[in-house]
Amino acid sequence: MTENTAYAVHQTARPTGFPTASDFTLVRTAVPEPAPGTALVQNLLLSVDPYHRGLMDGGEGGFELGTPLEGRAVGRVLASRDPGLHEGDLVFHRQGWRTHALVTLGVEGARLLRRYEGVPLEAYLSILGGTGLTAYAALTRTAALRAGEDVFVSAAAGGVGTAVGHLARLMGARRIIGSAGSAAKVRHLTEVLGFDAAFDYHDGPVGEQLAKAAPDGIDVYVDNVGGEHLEGAIGSLRDFGRIAWVGAISMYNGDRSPAAPRNLFEVVHKSLRLEGVLVSHHTNLQEELEEFVVPHLRSGRVGTDTTVVQGIERTVGAFLGVLHGDNTGKMLVRLDG
């Protein structure tokens, strides 16, 4: 890879079920020149996320074939014709899955990165990024978590899940329970991240395992999985419990219209509340999130919880790894620069 060459990942085919490496290609071009009102950014960190899978099916708002994919990224300004950006500035933007991008401040979420002393760059795409903001909105706005309440989060060892664990603890949750996909991840949740209980969903029915982990019930469920996890959580929720539905990774690569939980009427019987969480509706909370979390990042009470791979050529592999549960914490791709 040469200094004057840019690389970008293009989607070349629509996946059927789980995507494969053959659905993508790495395209080489010349590094672009900034036009008036834009800045040339060299990306340093890229985010790959489960929600990208749905966009790969195309349709309204989906990815187009034969063009660079998009995702959250942090980069450094190399040259600028945007009066609000200067050489050397660090920028958060949404033109990831590539080594270089042309960005305009304020367009499609591009903003100057506010650097905090003692906070690693990875934090800005994990606990201070979209996953952290999703978890924060889910707990503070959707579920309105109160001190002393019990929380269950599925896919707890992933990016949003680890953030939920950290934030719920800081907000005074009494007990935090998580589900994960391996014994190693369960140990990580309880021994490293401080979850009060965790279980491997492969070891038996989710409802039964959750009832054992939380025999007195739960107040809040942050759902990243859907399916059997949602049904199990409904069964364990106390009266007036809240469900913050973030994602449904269990159905991203197959049937998008699964049967409803068999105990759905319990939502009425228990006066439960179920509400979806879309992070783009909560970008106004970014500064509030940073004010809340940064002191704990500096003190070491909260970590970045990331799995980082090196090189643009490993971006597709990193994304496929997320869908297969290979990551612990937020999956990121680090680029040279």
# chains A, B, ... in the order shown; residues from 1 in each chain; ligands from 1
>>> select_by_dssp(residues="region 141-221 of chain A", states="alpha helix (DSSP H)", output="list in words")
Gly159, Val160, Gly161, Thr162, Ala163, Val164, Gly165, His166, Leu167, Ala168, Arg169, Leu170, Ala183, Ala184, Lys185, Val186, Arg187, Val206, Gly207, Glu208, Gln209, Leu210, Ala211, Lys212 and Ala213 of chain A
>>> closest_atom_pairs(of="region 174-246 of chain A", to="region 322-326 of chain A", cutoff="10 Å", atoms="only C-alpha atoms", output="CSV")
residue,atom,partner,partner_atom,distance
A:Ala180,CA,A:Gly325,CA,9.0
A:Gly181,CA,A:Gly325,CA,7.2
A:Ser182,CA,A:Gly325,CA,9.1
A:Lys185,CA,A:Gly325,CA,9.9
>>> closest_atom_pairs(of="region 17-99 of chain A", to="region 305-314 of chain A", cutoff="9 Å", atoms="only C-alpha atoms", output="JSON lines")
{"residue": "A:Leu26", "atom": "CA", "partner": "A:Glu313", "partner_atom": "CA", "distance": 7.1}
{"residue": "A:Leu46", "atom": "CA", "partner": "A:Ile312", "partner_atom": "CA", "distance": 8.8}
{"residue": "A:Trp97", "atom": "CA", "partner": "A:Ile312", "partner_atom": "CA", "distance": 7.3}
{"residue": "A:Arg98", "atom": "CA", "partner": "A:Ile312", "partner_atom": "CA", "distance": 6.9}
{"residue": "A:Thr99", "atom": "CA", "partner": "A:Ile312", "partner_atom": "CA", "distance": 6.9}
>>> residues_around(residues="Ala244 (chain A)", least_positions_apart="2", cutoff="7 Å", atoms="only C-alpha atoms", output="PyMOL selection string")
chain A and resi 138+142-143+221-223+242+246+274-277
>>> closest_residue(among="A:Gln11, A:Thr104, A:Ser179, A:Ala35", to="Pro68 (chain A)", atoms="only C-alpha atoms")
A:Gln11
>>> closest_residue(among="A:Gly75, A:Gly54, A:Pro295, A:Gly61", to="Glu87 (chain A)", atoms="only C-alpha atoms")
A:Gly75
>>> closest_residue(among="A:Pro15, A:Gly178, A:Gly194, A:Gly321", to="Phe63 (chain A)", atoms="only C-alpha atoms")
A:Pro15
>>> residues_around(residues="Pro36 (chain A)", least_positions_apart="2", cutoff="9 Å", atoms="only C-alpha atoms", output="list in words")
Pro34, Thr38, Ala39, Ser80, Arg81 and Asp82 of chain A
>>> write_last_selection(atoms="all heavy atoms", output="PDB file, in the first residue's frame")
ATOM      1  N   PRO A  34      -9.404  17.499  -1.972  1.00  0.00           N
ATOM      2  CA  PRO A  34     -10.588  18.147  -1.407  1.00  0.00           C
ATOM      3  C   PRO A  34     -11.107  19.268  -2.299  1.00  0.00           C
ATOM      4  O   PRO A  34     -10.342  20.103  -2.772  1.00  0.00           O
ATOM      5  CB  PRO A  34     -10.090  18.678  -0.062  1.00  0.00           C
ATOM      6  CG  PRO A  34      -8.617  18.840  -0.222  1.00  0.00           C
ATOM      7  CD  PRO A  34      -8.182  17.756  -1.164  1.00  0.00           C
ATOM      8  N   THR A  38     -14.848  20.994   1.556  1.00  0.00           N
ATOM      9  CA  THR A  38     -14.574  19.650   2.060  1.00  0.00           C
ATOM     10  C   THR A  38     -13.160  19.562   2.616  1.00  0.00           C
ATOM     11  O   THR A  38     -12.317  20.430   2.376  1.00  0.00           O
ATOM     12  CB  THR A  38     -14.737  18.581   0.961  1.00  0.00           C
ATOM     13  OG1 THR A  38     -13.686  18.729   0.001  1.00  0.00           O
ATOM     14  CG2 THR A  38     -16.085  18.703   0.269  1.00  0.00           C
ATOM     15  N   ALA A  39     -12.908  18.507   3.359  1.00  0.00           N
ATOM     16  CA  ALA A  39     -11.578  18.221   3.897  1.00  0.00           C
ATOM     17  C   ALA A  39     -11.228  16.770   3.595  1.00  0.00           C
ATOM     18  O   ALA A  39     -12.099  15.891   3.621  1.00  0.00           O
ATOM     19  CB  ALA A  39     -11.532  18.470   5.397  1.00  0.00           C
ATOM     20  N   SER A  80      -7.450  20.660   3.962  1.00  0.00           N
ATOM     21  CA  SER A  80      -8.814  21.145   4.150  1.00  0.00           C
ATOM     22  C   SER A  80      -9.119  22.379   3.321  1.00  0.00           C
ATOM     23  O   SER A  80      -8.315  23.298   3.225  1.00  0.00           O
ATOM     24  CB  SER A  80      -9.066  21.469   5.629  1.00  0.00           C
ATOM     25  OG  SER A  80     -10.380  21.963   5.818  1.00  0.00           O
ATOM     26  N   ARG A  81     -10.328  22.340   2.733  1.00  0.00           N
ATOM     27  CA  ARG A  81     -10.928  23.520   2.119  1.00  0.00           C
ATOM     28  C   ARG A  81     -12.280  23.807   2.769  1.00  0.00           C
ATOM     29  O   ARG A  81     -13.131  24.461   2.204  1.00  0.00           O
ATOM     30  CB  ARG A  81     -11.045  23.321   0.606  1.00  0.00           C
ATOM     31  CG  ARG A  81      -9.699  23.070  -0.064  1.00  0.00           C
ATOM     32  CD  ARG A  81      -9.826  22.881  -1.560  1.00  0.00           C
ATOM     33  NE  ARG A  81     -10.202  24.132  -2.229  1.00  0.00           N
ATOM     34  CZ  ARG A  81     -10.422  24.231  -3.547  1.00  0.00           C
ATOM     35  NH1 ARG A  81     -10.297  23.153  -4.311  1.00  0.00           N
ATOM     36  NH2 ARG A  81     -10.766  25.381  -4.073  1.00  0.00           N
ATOM     37  N   ASP A  82     -12.446  23.245   3.969  1.00  0.00           N
ATOM     38  CA  ASP A  82     -13.591  23.518   4.831  1.00  0.00           C
ATOM     39  C   ASP A  82     -13.092  24.460   5.916  1.00  0.00           C
ATOM     40  O   ASP A  82     -12.188  24.111   6.682  1.00  0.00           O
ATOM     41  CB  ASP A  82     -14.102  22.209   5.440  1.00  0.00           C
ATOM     42  CG  ASP A  82     -15.301  22.385   6.368  1.00  0.00           C
ATOM     43  OD1 ASP A  82     -15.465  23.488   6.932  1.00  0.00           O
ATOM     44  OD2 ASP A  82     -16.071  21.430   6.535  1.00  0.00           O
TER      45      ASP A  82
END
>>> residues_around(residues="Ser236 (chain A)", least_positions_apart="6", cutoff="12 Å", atoms="only C-alpha atoms", output="list in words")
Asp150, Val151, Phe152, Ile177, Val206, Gly207, Glu208, Gln209, Leu210, Ala211, Lys212, Ala213, Ala214, Pro215, Asp216, Gly217, Ile218, Asp219, Val220, Tyr221, His229, Leu230, Arg242, Ile243, Asn263, Glu266, Val267, Lys270 and Leu272 of chain A
>>> decode(residues="region 255-291 of chain A", atoms="N, CA and C atoms", output="compact mmCIF listing (two decimals), in the first residue's frame")
# COMPACT_ATOMS: atom_id res chain seq x y z
N ASP A 255 -34.78 -15.26 8.44
CA ASP A 255 -36.15 -14.78 8.37
C ASP A 255 -36.27 -13.47 9.14
N ARG A 256 -36.68 -12.40 8.44
CA ARG A 256 -36.85 -11.10 9.09
C ARG A 256 -38.23 -10.95 9.72
N SER A 257 -39.09 -11.97 9.62
CA SER A 257 -40.43 -11.90 10.19
C SER A 257 -40.69 -13.12 11.07
N PRO A 258 -39.93 -13.26 12.15
CA PRO A 258 -40.09 -14.44 13.00
C PRO A 258 -41.40 -14.38 13.78
N ALA A 259 -41.82 -15.52 14.28
CA ALA A 259 -43.03 -15.57 15.10
C ALA A 259 -42.84 -14.71 16.34
N ALA A 260 -43.93 -14.08 16.78
CA ALA A 260 -43.87 -13.27 17.99
C ALA A 260 -43.63 -14.16 19.20
N PRO A 261 -43.06 -13.61 20.27
CA PRO A 261 -42.91 -14.39 21.51
C PRO A 261 -44.25 -14.99 21.93
N ARG A 262 -44.21 -16.23 22.37
CA ARG A 262 -45.45 -16.92 22.73
C ARG A 262 -46.13 -16.31 23.96
N ASN A 263 -45.36 -15.55 24.73
CA ASN A 263 -45.91 -14.96 25.95
C ASN A 263 -46.13 -13.45 25.79
N LEU A 264 -46.37 -13.00 24.57
CA LEU A 264 -46.46 -11.57 24.30
C LEU A 264 -47.57 -10.90 25.12
N PHE A 265 -48.64 -11.63 25.42
CA PHE A 265 -49.74 -11.03 26.18
C PHE A 265 -49.31 -10.64 27.58
N GLU A 266 -48.17 -11.18 28.05
CA GLU A 266 -47.66 -10.77 29.36
C GLU A 266 -47.32 -9.29 29.38
N VAL A 267 -47.08 -8.69 28.21
CA VAL A 267 -46.85 -7.25 28.15
C VAL A 267 -48.06 -6.51 28.71
N VAL A 268 -49.26 -7.02 28.42
CA VAL A 268 -50.48 -6.43 28.96
C VAL A 268 -50.66 -6.81 30.42
N HIS A 269 -50.53 -8.09 30.69
CA HIS A 269 -50.79 -8.61 32.04
C HIS A 269 -49.90 -7.95 33.08
N LYS A 270 -48.64 -7.67 32.72
CA LYS A 270 -47.69 -7.08 33.66
C LYS A 270 -47.53 -5.56 33.50
N SER A 271 -48.27 -4.98 32.56
CA SER A 271 -48.13 -3.55 32.26
C SER A 271 -46.68 -3.22 31.89
N LEU A 272 -46.12 -4.03 31.01
CA LEU A 272 -44.75 -3.80 30.54
C LEU A 272 -44.73 -2.74 29.45
N ARG A 273 -43.56 -2.17 29.22
CA ARG A 273 -43.39 -1.23 28.12
C ARG A 273 -42.24 -1.71 27.24
N LEU A 274 -42.49 -1.82 25.94
CA LEU A 274 -41.48 -2.21 24.96
C LEU A 274 -41.33 -1.07 23.95
N GLU A 275 -40.10 -0.58 23.81
CA GLU A 275 -39.85 0.54 22.91
C GLU A 275 -38.53 0.33 22.18
N GLY A 276 -38.53 0.61 20.90
CA GLY A 276 -37.32 0.51 20.11
C GLY A 276 -36.36 1.65 20.37
N VAL A 277 -35.07 1.37 20.14
CA VAL A 277 -34.02 2.37 20.35
C VAL A 277 -33.25 2.53 19.05
N LEU A 278 -33.33 3.71 18.44
CA LEU A 278 -32.58 4.03 17.24
C LEU A 278 -31.65 5.18 17.59
N VAL A 279 -30.34 4.91 17.54
CA VAL A 279 -29.39 5.87 18.07
C VAL A 279 -29.43 7.21 17.34
N SER A 280 -29.83 7.20 16.07
CA SER A 280 -29.88 8.46 15.33
C SER A 280 -30.91 9.43 15.90
N HIS A 281 -31.83 8.93 16.72
CA HIS A 281 -32.82 9.81 17.37
C HIS A 281 -32.28 10.41 18.67
N HIS A 282 -31.06 10.05 19.04
CA HIS A 282 -30.52 10.46 20.35
C HIS A 282 -29.15 11.12 20.25
N THR A 283 -28.81 11.65 19.09
CA THR A 283 -27.48 12.27 18.93
C THR A 283 -27.34 13.50 19.83
N ASN A 284 -28.44 14.07 20.26
CA ASN A 284 -28.37 15.23 21.16
C ASN A 284 -27.82 14.87 22.54
N LEU A 285 -27.68 13.57 22.82
CA LEU A 285 -27.18 13.13 24.12
C LEU A 285 -25.67 12.95 24.14
N GLN A 286 -24.97 13.21 23.02
CA GLN A 286 -23.54 12.94 22.93
C GLN A 286 -22.75 13.66 24.02
N GLU A 287 -22.98 14.95 24.18
CA GLU A 287 -22.23 15.70 25.19
C GLU A 287 -22.55 15.21 26.60
N GLU A 288 -23.81 14.90 26.85
CA GLU A 288 -24.23 14.37 28.15
C GLU A 288 -23.53 13.05 28.44
N LEU A 289 -23.46 12.18 27.42
CA LEU A 289 -22.76 10.90 27.58
C LEU A 289 -21.30 11.13 27.95
N GLU A 290 -20.64 12.02 27.23
CA GLU A 290 -19.21 12.26 27.49
C GLU A 290 -18.99 12.80 28.89
N GLU A 291 -19.83 13.74 29.32
CA GLU A 291 -19.69 14.29 30.67
C GLU A 291 -19.86 13.21 31.73
